[in-house]
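*Asks:* What follows is start.txt; its format and atoms are compact mmCIF, C-alpha atoms and all ligand atoms.
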```txt
# COMPACT_ATOMS: atom_id res chain seq x y z
CA MET A 1 26.98 9.91 -5.62
CA LEU A 2 24.24 12.57 -5.53
CA SER A 3 24.02 15.12 -2.76
CA SER A 4 20.22 15.04 -2.58
CA VAL A 5 17.26 13.15 -4.04
CA ARG A 6 13.46 13.27 -3.89
CA VAL A 7 11.43 10.05 -4.10
CA PHE A 8 7.67 9.52 -4.53
CA ALA A 9 6.05 6.27 -3.37
CA PRO A 10 2.41 5.65 -4.24
CA ALA A 11 -0.50 4.56 -2.11
CA SER A 12 -1.78 1.02 -2.56
CA ALA A 13 -4.91 -1.05 -2.12
CA SER A 14 -4.36 -4.45 -0.56
CA ASN A 15 -6.18 -7.71 0.23
CA LEU A 16 -8.50 -6.93 -2.75
CA GLY A 17 -11.27 -9.18 -1.53
CA PRO A 18 -10.10 -12.78 -1.14
CA GLY A 19 -6.34 -12.07 -0.88
CA PHE A 20 -5.74 -11.16 2.77
CA ASP A 21 -2.04 -10.29 3.15
CA VAL A 22 -1.22 -11.70 -0.31
CA LEU A 23 -2.71 -9.33 -2.93
CA GLY A 24 -2.10 -5.65 -3.54
CA LEU A 25 -1.94 -3.05 -6.27
CA ALA A 26 -0.39 0.39 -6.66
CA LEU A 27 -2.48 3.52 -7.16
CA GLY A 28 -1.48 6.54 -9.25
CA ARG A 29 -2.14 8.85 -6.35
CA PRO A 30 -1.97 9.82 -3.55
CA GLY A 31 1.52 8.99 -2.33
CA ASP A 32 4.30 10.16 -0.02
CA ILE A 33 7.47 12.06 -0.82
CA VAL A 34 10.82 11.71 0.95
CA ASP A 35 13.76 14.06 0.36
CA ALA A 36 17.17 12.72 1.32
CA GLU A 37 20.54 14.46 1.47
CA LEU A 38 24.00 13.42 2.56
CA ALA A 39 25.07 14.44 6.04
CA ASP A 40 28.35 14.34 7.92
CA ALA A 41 26.87 12.93 11.13
CA PRO A 42 26.50 9.14 10.87
CA GLY A 43 23.05 7.54 10.80
CA VAL A 44 19.65 8.87 9.82
CA GLU A 45 18.22 12.17 10.97
CA ILE A 46 14.65 13.26 10.19
CA VAL A 47 14.69 17.02 9.90
CA GLU A 48 10.96 17.43 9.44
CA VAL A 49 7.69 15.64 8.76
CA THR A 50 5.03 17.64 6.94
CA GLY A 51 1.38 16.89 6.15
CA ASP A 52 0.82 14.59 9.14
CA GLY A 53 -1.08 17.03 11.32
CA GLY A 54 1.65 16.70 13.94
CA LEU A 55 0.90 13.01 14.51
CA LEU A 56 4.20 11.45 13.44
CA THR A 57 7.50 11.42 15.23
CA THR A 58 10.80 12.67 13.82
CA ASN A 59 12.60 10.05 15.91
CA PRO A 60 14.22 7.94 13.14
CA ALA A 61 13.97 4.79 15.25
CA GLN A 62 10.19 5.15 15.44
CA ASN A 63 9.26 6.81 12.15
CA VAL A 64 8.70 4.19 9.43
CA ALA A 65 10.63 6.17 6.78
CA GLY A 66 13.53 6.53 9.23
CA VAL A 67 13.55 2.84 10.09
CA ALA A 68 13.53 1.81 6.42
CA ALA A 69 16.22 4.38 5.55
CA GLN A 70 18.41 3.22 8.46
CA SER A 71 17.98 -0.39 7.38
CA VAL A 72 19.30 0.41 3.87
CA LEU A 73 22.09 2.61 5.22
CA SER A 74 23.28 -0.04 7.71
CA HIS A 75 23.24 -2.63 4.94
CA LEU A 76 25.26 -0.39 2.60
CA VAL A 77 27.81 0.45 5.28
CA ALA A 78 28.12 -3.22 6.26
CA THR A 79 28.65 -4.31 2.68
CA SER A 80 30.64 -1.17 1.64
CA HIS A 81 28.33 -0.62 -1.29
CA GLY A 82 27.39 2.82 -2.50
CA GLY A 83 28.93 3.52 -5.88
CA SER A 84 32.22 4.48 -4.25
CA GLY A 85 32.45 2.57 -0.99
CA ALA A 86 35.04 5.00 0.29
CA GLY A 87 32.70 7.94 -0.31
CA LEU A 88 29.96 6.22 1.63
CA LEU A 89 32.21 5.47 4.56
CA ASP A 90 33.39 9.08 4.56
CA ARG A 91 29.85 10.39 4.81
CA PRO A 92 27.68 7.65 6.24
CA GLY A 93 24.87 9.96 7.29
CA VAL A 94 21.55 10.89 5.71
CA ARG A 95 19.10 13.69 6.47
CA LEU A 96 15.45 13.09 5.56
CA ARG A 97 12.41 15.26 5.05
CA VAL A 98 9.18 13.24 5.01
CA HIS A 99 6.19 14.76 3.25
CA LYS A 100 2.97 12.89 4.04
CA GLN A 101 0.52 13.41 1.23
CA MET A 102 -2.06 10.89 2.25
CA PRO A 103 -4.11 10.22 5.34
CA LEU A 104 -2.86 7.97 8.13
CA ALA A 105 -4.77 4.83 9.21
CA SER A 106 -6.74 5.04 5.96
CA GLY A 107 -6.36 1.63 4.28
CA LEU A 108 -4.30 3.26 1.55
CA GLY A 109 -0.93 1.87 2.63
CA SER A 110 0.29 5.12 4.12
CA SER A 111 3.01 3.60 6.32
CA ALA A 112 4.13 1.36 3.46
CA ALA A 113 4.48 4.35 1.10
CA SER A 114 6.63 6.26 3.62
CA SER A 115 8.73 3.15 4.27
CA VAL A 116 9.26 2.53 0.55
CA ALA A 117 10.13 6.18 -0.10
CA GLY A 118 12.62 6.20 2.81
CA ALA A 119 14.34 3.03 1.63
CA MET A 120 14.46 4.09 -2.01
CA ALA A 121 15.69 7.61 -1.25
CA VAL A 122 18.79 6.29 0.54
CA ASN A 123 19.47 3.78 -2.22
CA GLU A 124 19.20 6.51 -4.88
CA LEU A 125 21.43 8.84 -2.88
CA PHE A 126 24.23 6.29 -2.92
CA GLY A 127 23.98 5.51 -6.62
CA ARG A 128 21.36 2.74 -6.56
CA PRO A 129 23.54 -0.14 -5.31
CA LEU A 130 20.49 -2.29 -4.47
CA THR A 131 17.84 -3.48 -6.90
CA ARG A 132 14.20 -2.52 -6.38
CA ARG A 133 13.39 -6.01 -5.17
CA GLU A 134 16.31 -5.96 -2.73
CA LEU A 135 14.83 -2.82 -1.20
CA LEU A 136 11.63 -4.62 -0.22
CA ARG A 137 12.94 -6.19 2.97
CA HIS A 138 14.23 -2.79 4.10
CA ALA A 139 10.85 -1.18 3.41
CA LEU A 140 9.23 -3.99 5.39
CA ALA A 141 11.40 -3.12 8.39
CA GLY A 142 9.64 0.26 8.36
CA GLU A 143 6.19 -1.21 7.77
CA ARG A 144 6.69 -3.54 10.76
CA THR A 145 7.27 -0.51 13.00
CA ALA A 146 3.79 0.79 12.15
CA SER A 147 1.63 -2.30 12.33
CA GLY A 148 3.69 -4.68 14.45
CA SER A 149 3.52 -7.31 11.71
CA THR A 150 5.29 -8.11 8.48
CA HIS A 151 2.85 -7.91 5.63
CA ALA A 152 4.11 -6.96 2.18
CA ASP A 153 0.82 -6.48 0.34
CA ASN A 154 1.10 -2.67 0.51
CA ALA A 155 4.90 -2.20 0.46
CA ALA A 156 5.49 -4.52 -2.52
CA PRO A 157 3.05 -2.80 -4.92
CA SER A 158 4.10 0.67 -3.72
CA LEU A 159 7.74 -0.22 -4.45
CA LEU A 160 7.33 -2.31 -7.60
CA GLY A 161 4.08 -1.01 -9.08
CA GLY A 162 1.40 -3.15 -10.68
CA PHE A 163 -0.75 -5.95 -9.30
CA ILE A 164 1.22 -8.13 -6.87
CA LEU A 165 0.82 -11.58 -5.33
CA ILE A 166 2.84 -12.54 -2.27
CA ARG A 167 3.30 -16.30 -2.69
CA GLY A 168 4.93 -16.69 0.69
CA TYR A 169 6.61 -14.82 3.51
CA ASP A 170 9.26 -17.31 4.60
CA PRO A 171 11.09 -16.93 2.35
CA LEU A 172 9.46 -13.79 0.95
CA GLU A 173 8.39 -14.44 -2.64
CA VAL A 174 6.69 -11.67 -4.56
CA LEU A 175 5.13 -12.27 -7.99
CA ASP A 176 3.89 -9.77 -10.59
CA LEU A 177 0.41 -10.37 -11.99
CA PRO A 178 -0.81 -9.02 -15.33
CA VAL A 179 -2.61 -5.68 -15.37
CA PRO A 180 -5.51 -5.71 -17.86
CA PRO A 181 -5.28 -2.38 -19.72
CA SER A 182 -8.92 -1.38 -19.27
CA LEU A 183 -9.13 -2.21 -15.55
CA ARG A 184 -9.86 0.88 -13.45
CA VAL A 185 -9.67 1.13 -9.68
CA VAL A 186 -11.76 3.43 -7.51
CA VAL A 187 -10.75 4.04 -3.90
CA VAL A 188 -12.99 6.06 -1.60
CA HIS A 189 -11.53 7.23 1.67
CA PRO A 190 -14.11 8.31 4.26
CA HIS A 191 -12.91 10.80 6.84
CA CYS A 192 -12.44 8.39 9.73
CA ARG A 193 -9.58 6.15 10.87
CA VAL A 194 -8.93 2.46 11.38
CA GLU A 195 -5.60 1.49 12.96
CA THR A 196 -4.16 -1.51 11.11
CA ALA A 197 -2.85 -3.05 14.34
CA LYS A 198 -6.38 -2.98 15.81
CA ALA A 199 -7.96 -4.34 12.64
CA ARG A 200 -5.45 -7.20 12.73
CA ALA A 201 -6.10 -7.85 16.40
CA LEU A 202 -9.76 -8.43 15.48
CA LEU A 203 -8.70 -11.46 13.43
CA ARG A 204 -6.25 -12.95 15.93
CA GLY A 205 -7.35 -16.22 17.49
CA HIS A 206 -10.45 -16.34 15.31
CA GLY A 207 -11.25 -19.87 14.15
CA PHE A 208 -12.38 -19.72 10.52
CA PRO A 209 -14.70 -22.47 9.27
CA ILE A 210 -13.14 -24.45 6.43
CA GLU A 211 -16.04 -23.52 4.10
CA GLN A 212 -15.07 -19.85 4.36
CA ALA A 213 -11.43 -20.64 3.61
CA VAL A 214 -12.50 -22.72 0.61
CA ALA A 215 -14.64 -19.85 -0.71
CA ASN A 216 -11.67 -17.45 -0.48
CA LEU A 217 -9.31 -19.93 -2.14
CA GLY A 218 -11.70 -20.34 -5.06
CA ASN A 219 -12.12 -16.59 -5.47
CA LEU A 220 -8.40 -15.88 -5.17
CA GLY A 221 -7.59 -18.41 -7.89
CA ALA A 222 -10.41 -17.15 -10.10
CA LEU A 223 -9.33 -13.53 -9.68
CA ILE A 224 -5.85 -14.43 -10.92
CA VAL A 225 -7.28 -16.41 -13.85
CA GLY A 226 -9.39 -13.34 -14.66
CA LEU A 227 -6.30 -11.11 -14.72
CA TYR A 228 -4.47 -13.49 -17.07
CA ARG A 229 -7.48 -13.80 -19.36
CA GLU A 230 -8.30 -10.07 -19.17
CA ASP A 231 -11.76 -11.22 -18.13
CA LEU A 232 -12.80 -8.26 -16.02
CA GLU A 233 -16.21 -9.71 -15.24
CA LEU A 234 -14.49 -12.74 -13.66
CA VAL A 235 -12.06 -10.45 -11.79
CA GLY A 236 -14.99 -8.46 -10.40
CA ARG A 237 -17.05 -11.52 -9.48
CA SER A 238 -14.06 -12.87 -7.55
CA ILE A 239 -13.79 -9.82 -5.29
CA GLU A 240 -15.50 -11.74 -2.54
CA ASP A 241 -14.06 -12.14 0.93
CA ARG A 242 -15.69 -14.61 3.29
CA LEU A 243 -12.88 -14.45 5.88
CA VAL A 244 -11.95 -10.91 6.82
CA GLU A 245 -14.67 -8.60 5.47
CA PRO A 246 -17.43 -10.02 7.71
CA LEU A 247 -15.28 -9.26 10.78
CA ARG A 248 -13.92 -5.89 9.74
CA MET A 249 -16.95 -4.29 8.11
CA SER A 250 -18.21 -3.17 11.52
CA LEU A 251 -15.18 -0.82 11.69
CA ILE A 252 -16.43 1.10 8.63
CA PRO A 253 -19.58 3.19 9.15
CA GLY A 254 -21.99 2.75 6.22
CA TYR A 255 -19.96 -0.05 4.62
CA ARG A 256 -22.93 -2.15 3.51
CA GLN A 257 -24.64 0.82 1.86
CA VAL A 258 -21.43 1.96 0.15
CA LYS A 259 -20.86 -1.51 -1.29
CA GLU A 260 -24.45 -1.70 -2.50
CA ALA A 261 -24.14 1.78 -4.06
CA ALA A 262 -20.99 0.68 -5.90
CA ARG A 263 -22.78 -2.40 -7.24
CA ARG A 264 -25.81 -0.40 -8.39
CA ALA A 265 -23.57 2.15 -10.11
CA GLY A 266 -21.98 -0.65 -12.15
CA ALA A 267 -18.86 -1.70 -10.20
CA LEU A 268 -17.46 -5.08 -11.23
CA GLY A 269 -16.57 -5.80 -7.60
CA CYS A 270 -16.05 -3.94 -4.33
CA SER A 271 -14.50 -4.62 -0.92
CA ILE A 272 -12.40 -3.10 1.86
CA SER A 273 -9.06 -1.51 0.85
CA GLY A 274 -6.41 -2.97 3.18
CA SER A 275 -7.65 -2.78 6.74
CA GLY A 276 -10.03 0.09 5.88
CA PRO A 277 -11.77 2.42 6.26
CA SER A 278 -11.15 3.06 2.54
CA VAL A 279 -13.25 0.96 0.19
CA PHE A 280 -12.17 0.02 -3.34
CA ALA A 281 -14.08 -0.99 -6.46
CA PHE A 282 -13.09 -2.20 -9.91
CA THR A 283 -14.65 -0.98 -13.16
CA ASP A 284 -13.92 -1.50 -16.85
CA SER A 285 -13.83 2.15 -18.00
CA ASP A 286 -13.06 5.68 -16.85
CA ALA A 287 -16.71 6.67 -17.22
CA ALA A 288 -17.89 3.79 -15.03
CA ALA A 289 -15.17 4.57 -12.48
CA ALA A 290 -16.33 8.20 -12.19
CA ARG A 291 -19.94 7.06 -11.72
CA VAL A 292 -19.03 4.45 -9.11
CA ALA A 293 -16.80 6.88 -7.18
CA ALA A 294 -19.61 9.47 -7.03
CA ALA A 295 -22.14 6.87 -5.88
CA MET A 296 -19.85 5.52 -3.14
CA ARG A 297 -19.05 9.01 -1.93
CA GLU A 298 -22.72 9.88 -1.74
CA ALA A 299 -23.46 6.64 0.13
CA PHE A 300 -20.83 7.43 2.80
CA ARG A 301 -22.45 10.84 3.22
CA GLU A 302 -26.01 9.53 3.42
CA ALA A 303 -25.44 6.36 5.42
CA ALA A 304 -22.77 7.56 7.82
CA GLY A 305 -22.62 11.35 7.57
CA LEU A 306 -19.00 11.05 6.41
CA GLU A 307 -17.28 13.14 3.76
CA SER A 308 -14.72 11.30 1.68
CA ASP A 309 -11.94 11.64 -0.89
CA THR A 310 -11.98 9.61 -4.07
CA PHE A 311 -9.03 8.33 -6.09
CA VAL A 312 -9.79 6.94 -9.52
CA GLY A 313 -7.62 5.66 -12.35
CA PRO A 314 -5.66 2.82 -13.88
CA ILE A 315 -3.29 0.73 -11.80
CA ASN A 316 0.11 2.38 -11.39
CA THR A 317 2.60 0.07 -13.10
CA THR A 318 5.66 2.21 -12.28
CA GLY A 319 5.71 2.09 -8.48
CA ALA A 320 8.04 4.29 -6.46
CA CYS A 321 10.27 6.62 -8.45
CA ARG A 322 12.69 9.51 -8.21
CA ILE A 323 11.15 12.88 -9.03
CA GLU A 324 12.59 16.34 -9.51
N1 LIG A 401 -3.12 -7.01 4.69
C1 LIG A 401 -3.06 -5.98 5.68
C2 LIG A 401 -4.28 -6.12 6.59
C3 LIG A 401 -3.05 -4.65 5.02
O1 LIG A 401 -5.37 -6.26 6.04
O2 LIG A 401 -4.13 -6.07 7.80
C4 LIG A 401 -3.05 -3.50 5.97
O3 LIG A 401 -3.17 -2.29 5.24
```
Starting from the file, lay out its structure as C-alpha cells.
*Replies:*
Amino acid sequence: MLSSVRVFAPASASNLGPGFDVLGLALGRPGDIVDAELADAPGVEIVEVTGDGGLLTTNPAQNVAGVAAQSVLSHLVATSHGGSGAGLLDRPGVRLRVHKQMPLASGLGSSAASSVAGAMAVNELFGRPLTRRELLRHALAGERTASGSTHADNAAPSLLGGFILIRGYDPLEVLDLPVPPSLRVVVVHPHCRVETAKARALLRGHGFPIEQAVANLGNLGALIVGLYREDLELVGRSIEDRLVEPLRMSLIPGYRQVKEAARRAGALGCSISGSGPSVFAFTDSDAAAARVAAAMREAFREAAGLESDTFVGPINTTGACRIE
C-alpha cells in the first residue's frame, strides 16, 4: 500500500454531434489532478481545492472528487479489498487535494475529470484492487452530484481514454471505438459558462420529430463506420446533430459564426463539445488543426467579443493515469 499518490484525469469532448449522451473522447489536455494520502480518521477529507477560483466546496459529500473517492473507499471497506485488507481496515481514511486545471461549466467534462481522478486516486492508494472499468460506476457517482444525472460520455473517456460509445445505461455498457491515427481534435473554449444541468433542462419534455431522430441515427451509425474504415471525410460529414444542437446553440454566443469559420478553415466537422460552451472540430492533420483552431478563436472574438482557449491534438488513448 502506498502512502500517497497523484492522479491526472483528462478533459473530454462528448456527444460529438449525433451521439447525445452516448459518444465521447479523451483529450490530451487540459485535465485535473488529485493527490491522495492515507489518513487515520475514517472517510474522505478534502484538505484543499486549488484552481477553482473559490467556486468549489471542500465538503466531501458535495465535491465530485470527494463523492467518487468515498464511493470507492466504501466499496473497498465493504469488500475488505485493498492489497492487505487488514491494512485498509486499520487506516480506512483518505485525505485529498483537488487541483482544478480546467474551467468549470465549460463543456470539457470538468466534473467528470475530477470524479475520475478522485476514484482512481483512492484505488491506486490501496494497491489497485479494482479494474479501470470497475471504477467507472464510482466516478459516475461523483458526476451525478454535479449534473443531477447519470451520463457516462465524459467520465468513460476520461477514465479509459480513446473514443467511447455507451451502448446502454441499464446495465451500463461501454464500448471502445477505433481511433484513426491521423484524426485530430480541436476544442475551443470561449470565456463564458453553460451549466450542464441547465443545458439538460432545456431538452426535458421536448418532443422530437421522428425525422430528426432518424437523421441522428443515420449520422451516428455512419460516424462509427467512418472510424472503423479510417474514413475521416465520412467521420466529419457525420458530425451532424439535428436533435440537441438546434436547441442548445442559443446558449453559445457566436456559435453559428464559429462553426462556419471552422468549415471555411477546412474542418471535417464541427459541433458543440458536451453541453457547451466549448465547440469542437475534427481535422485530418496537425497543420489543419492549428488553422481551424485559430479561425474558431477569431470568430468567437469577432462575433461575440469573447476570448477563448484552444486545445488541439490527437485523441488521448491513455485516459486517467498516475503521475509523479
Ligand atoms: N451528454 C452530456 C450533455 C454531456 O450533453 O448533457 C455534458 O457534458
*Asks:* Chain A near ligand LIG 401 (chain A) within 10 Å: what's each residue's closest atom pair and its distance in Å to one decimal, counting all atoms listed in the file, ordered by chain then ascending residue number, as JSON lines?
*Replies:*
```
{"residue": "A:Ser12", "atom": "CA", "partner": "A:LIG401", "partner_atom": "O3", "distance": 8.6}
{"residue": "A:Ala13", "atom": "CA", "partner": "A:LIG401", "partner_atom": "O3", "distance": 7.7}
{"residue": "A:Ser14", "atom": "CA", "partner": "A:LIG401", "partner_atom": "C3", "distance": 5.7}
{"residue": "A:Asn15", "atom": "CA", "partner": "A:LIG401", "partner_atom": "N1", "distance": 5.5}
{"residue": "A:Leu16", "atom": "CA", "partner": "A:LIG401", "partner_atom": "N1", "distance": 9.2}
{"residue": "A:Gly19", "atom": "CA", "partner": "A:LIG401", "partner_atom": "N1", "distance": 8.2}
{"residue": "A:Phe20", "atom": "CA", "partner": "A:LIG401", "partner_atom": "N1", "distance": 5.3}
{"residue": "A:Asp21", "atom": "CA", "partner": "A:LIG401", "partner_atom": "N1", "distance": 3.8}
{"residue": "A:Val22", "atom": "CA", "partner": "A:LIG401", "partner_atom": "N1", "distance": 7.1}
{"residue": "A:Leu23", "atom": "CA", "partner": "A:LIG401", "partner_atom": "N1", "distance": 8.0}
{"residue": "A:Gly24", "atom": "CA", "partner": "A:LIG401", "partner_atom": "N1", "distance": 8.4}
{"residue": "A:Ala105", "atom": "CA", "partner": "A:LIG401", "partner_atom": "O3", "distance": 8.3}
{"residue": "A:Ser106", "atom": "CA", "partner": "A:LIG401", "partner_atom": "O3", "distance": 8.2}
{"residue": "A:Gly107", "atom": "CA", "partner": "A:LIG401", "partner_atom": "O3", "distance": 5.1}
{"residue": "A:Leu108", "atom": "CA", "partner": "A:LIG401", "partner_atom": "O3", "distance": 6.8}
{"residue": "A:Gly109", "atom": "CA", "partner": "A:LIG401", "partner_atom": "O3", "distance": 5.4}
{"residue": "A:Ser110", "atom": "CA", "partner": "A:LIG401", "partner_atom": "O3", "distance": 8.3}
{"residue": "A:Ser111", "atom": "CA", "partner": "A:LIG401", "partner_atom": "O3", "distance": 8.6}
{"residue": "A:Ala112", "atom": "CA", "partner": "A:LIG401", "partner_atom": "O3", "distance": 8.4}
{"residue": "A:Glu143", "atom": "CA", "partner": "A:LIG401", "partner_atom": "C4", "distance": 9.7}
{"residue": "A:Ser147", "atom": "CA", "partner": "A:LIG401", "partner_atom": "C4", "distance": 8.0}
{"residue": "A:Ser149", "atom": "CA", "partner": "A:LIG401", "partner_atom": "O2", "distance": 8.7}
{"residue": "A:Thr150", "atom": "CA", "partner": "A:LIG401", "partner_atom": "C1", "distance": 9.1}
{"residue": "A:His151", "atom": "CA", "partner": "A:LIG401", "partner_atom": "N1", "distance": 6.1}
{"residue": "A:Ala152", "atom": "CA", "partner": "A:LIG401", "partner_atom": "N1", "distance": 7.7}
{"residue": "A:Asp153", "atom": "CA", "partner": "A:LIG401", "partner_atom": "N1", "distance": 5.9}
{"residue": "A:Asn154", "atom": "CA", "partner": "A:LIG401", "partner_atom": "O3", "distance": 6.4}
{"residue": "A:Ala155", "atom": "CA", "partner": "A:LIG401", "partner_atom": "O3", "distance": 9.4}
{"residue": "A:Val194", "atom": "CA", "partner": "A:LIG401", "partner_atom": "O3", "distance": 9.7}
{"residue": "A:Glu195", "atom": "CA", "partner": "A:LIG401", "partner_atom": "O3", "distance": 8.9}
{"residue": "A:Thr196", "atom": "CA", "partner": "A:LIG401", "partner_atom": "C4", "distance": 5.6}
{"residue": "A:Ala197", "atom": "CA", "partner": "A:LIG401", "partner_atom": "O2", "distance": 7.3}
{"residue": "A:Lys198", "atom": "CA", "partner": "A:LIG401", "partner_atom": "O2", "distance": 8.9}
{"residue": "A:Ala199", "atom": "CA", "partner": "A:LIG401", "partner_atom": "O2", "distance": 6.4}
{"residue": "A:Arg200", "atom": "CA", "partner": "A:LIG401", "partner_atom": "O2", "distance": 5.2}
{"residue": "A:Ala201", "atom": "CA", "partner": "A:LIG401", "partner_atom": "O2", "distance": 9.0}
{"residue": "A:Leu202", "atom": "CA", "partner": "A:LIG401", "partner_atom": "O2", "distance": 9.8}
{"residue": "A:Leu203", "atom": "CA", "partner": "A:LIG401", "partner_atom": "O2", "distance": 9.0}
{"residue": "A:Val244", "atom": "CA", "partner": "A:LIG401", "partner_atom": "O1", "distance": 8.1}
{"residue": "A:Glu245", "atom": "CA", "partner": "A:LIG401", "partner_atom": "O1", "distance": 9.6}
{"residue": "A:Arg248", "atom": "CA", "partner": "A:LIG401", "partner_atom": "O1", "distance": 9.3}
{"residue": "A:Ile272", "atom": "CA", "partner": "A:LIG401", "partner_atom": "O1", "distance": 8.8}
{"residue": "A:Ser273", "atom": "CA", "partner": "A:LIG401", "partner_atom": "O3", "distance": 7.4}
{"residue": "A:Gly274", "atom": "CA", "partner": "A:LIG401", "partner_atom": "O3", "distance": 3.9}
{"residue": "A:Ser275", "atom": "CA", "partner": "A:LIG401", "partner_atom": "O1", "distance": 4.2}
{"residue": "A:Gly276", "atom": "CA", "partner": "A:LIG401", "partner_atom": "O3", "distance": 7.3}
{"residue": "A:Pro277", "atom": "CA", "partner": "A:LIG401", "partner_atom": "O3", "distance": 9.9}
{"residue": "A:Ser278", "atom": "CA", "partner": "A:LIG401", "partner_atom": "O3", "distance": 10.0}
```
*Asks:* Closest to Pro253 of chain A among A:Ala304, A:Leu159, A:Ala61, A:Ala222, using all atoms listed in the file?
*Replies:*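 Distance minimum relative to Pro253 of chain A lands on A:Ala304.
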*Asks:* I want to know what sits within 9 Å of His191 of chain A, based on only C-alpha atoms, with residues of the same chain fewer than 2 positions away left out; could you give that as a PyMOL selection string?
*Replies:* chain A and resi 103+106+189+193+277+306-309
*Asks:* I'd like to know which of A:Ala26, A:Val72, A:Ile315, A:Val258 is closest to Ala139 of chain A, using all atoms listed in the file.
*Replies:*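 Closest residue, counting all atoms listed in the file: A:Val72.
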*Asks:* Do you have the atom CA of Glu230 of chain A-atom CA of Arg184 of chain A distance handy?
*Replies:*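 So the answer is 12.5 Å.
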*Asks:* Rounded to one decimal, what separation in Å do you get between atom CA of Ser285 of chain A and atom CA of Gln101 of chain A?
*Replies:*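 Between atom CA of Ser285 of chain A and atom CA of Gln101 of chain A the gap is 26.5 Å.
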*Asks:* Can you measure atom CA of Ala281 of chain A to atom CA of Lys100 of chain A for me? One decimal in Å is fine.
*Replies:*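 Taking atom CA of Ala281 of chain A and atom CA of Lys100 of chain A, their separation equals 24.4 Å.
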*Asks:* Just the residues within 6 Å of Asp32 of chain A, please, counting only C-alpha atoms, with nothing from its chain fewer than 6 positions along; format it as a ChimeraX atom specification.
*Replies:* /A:8-9,99-101,113-114
*Asks:* Of the residues A:Val67, A:Met102, A:Val49, A:Leu172, which is the one nearest to Thr145 of chain A, using all atoms listed in the file?
*Replies:*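 Among the listed residues, A:Val67 lies closest to Thr145 of chain A.
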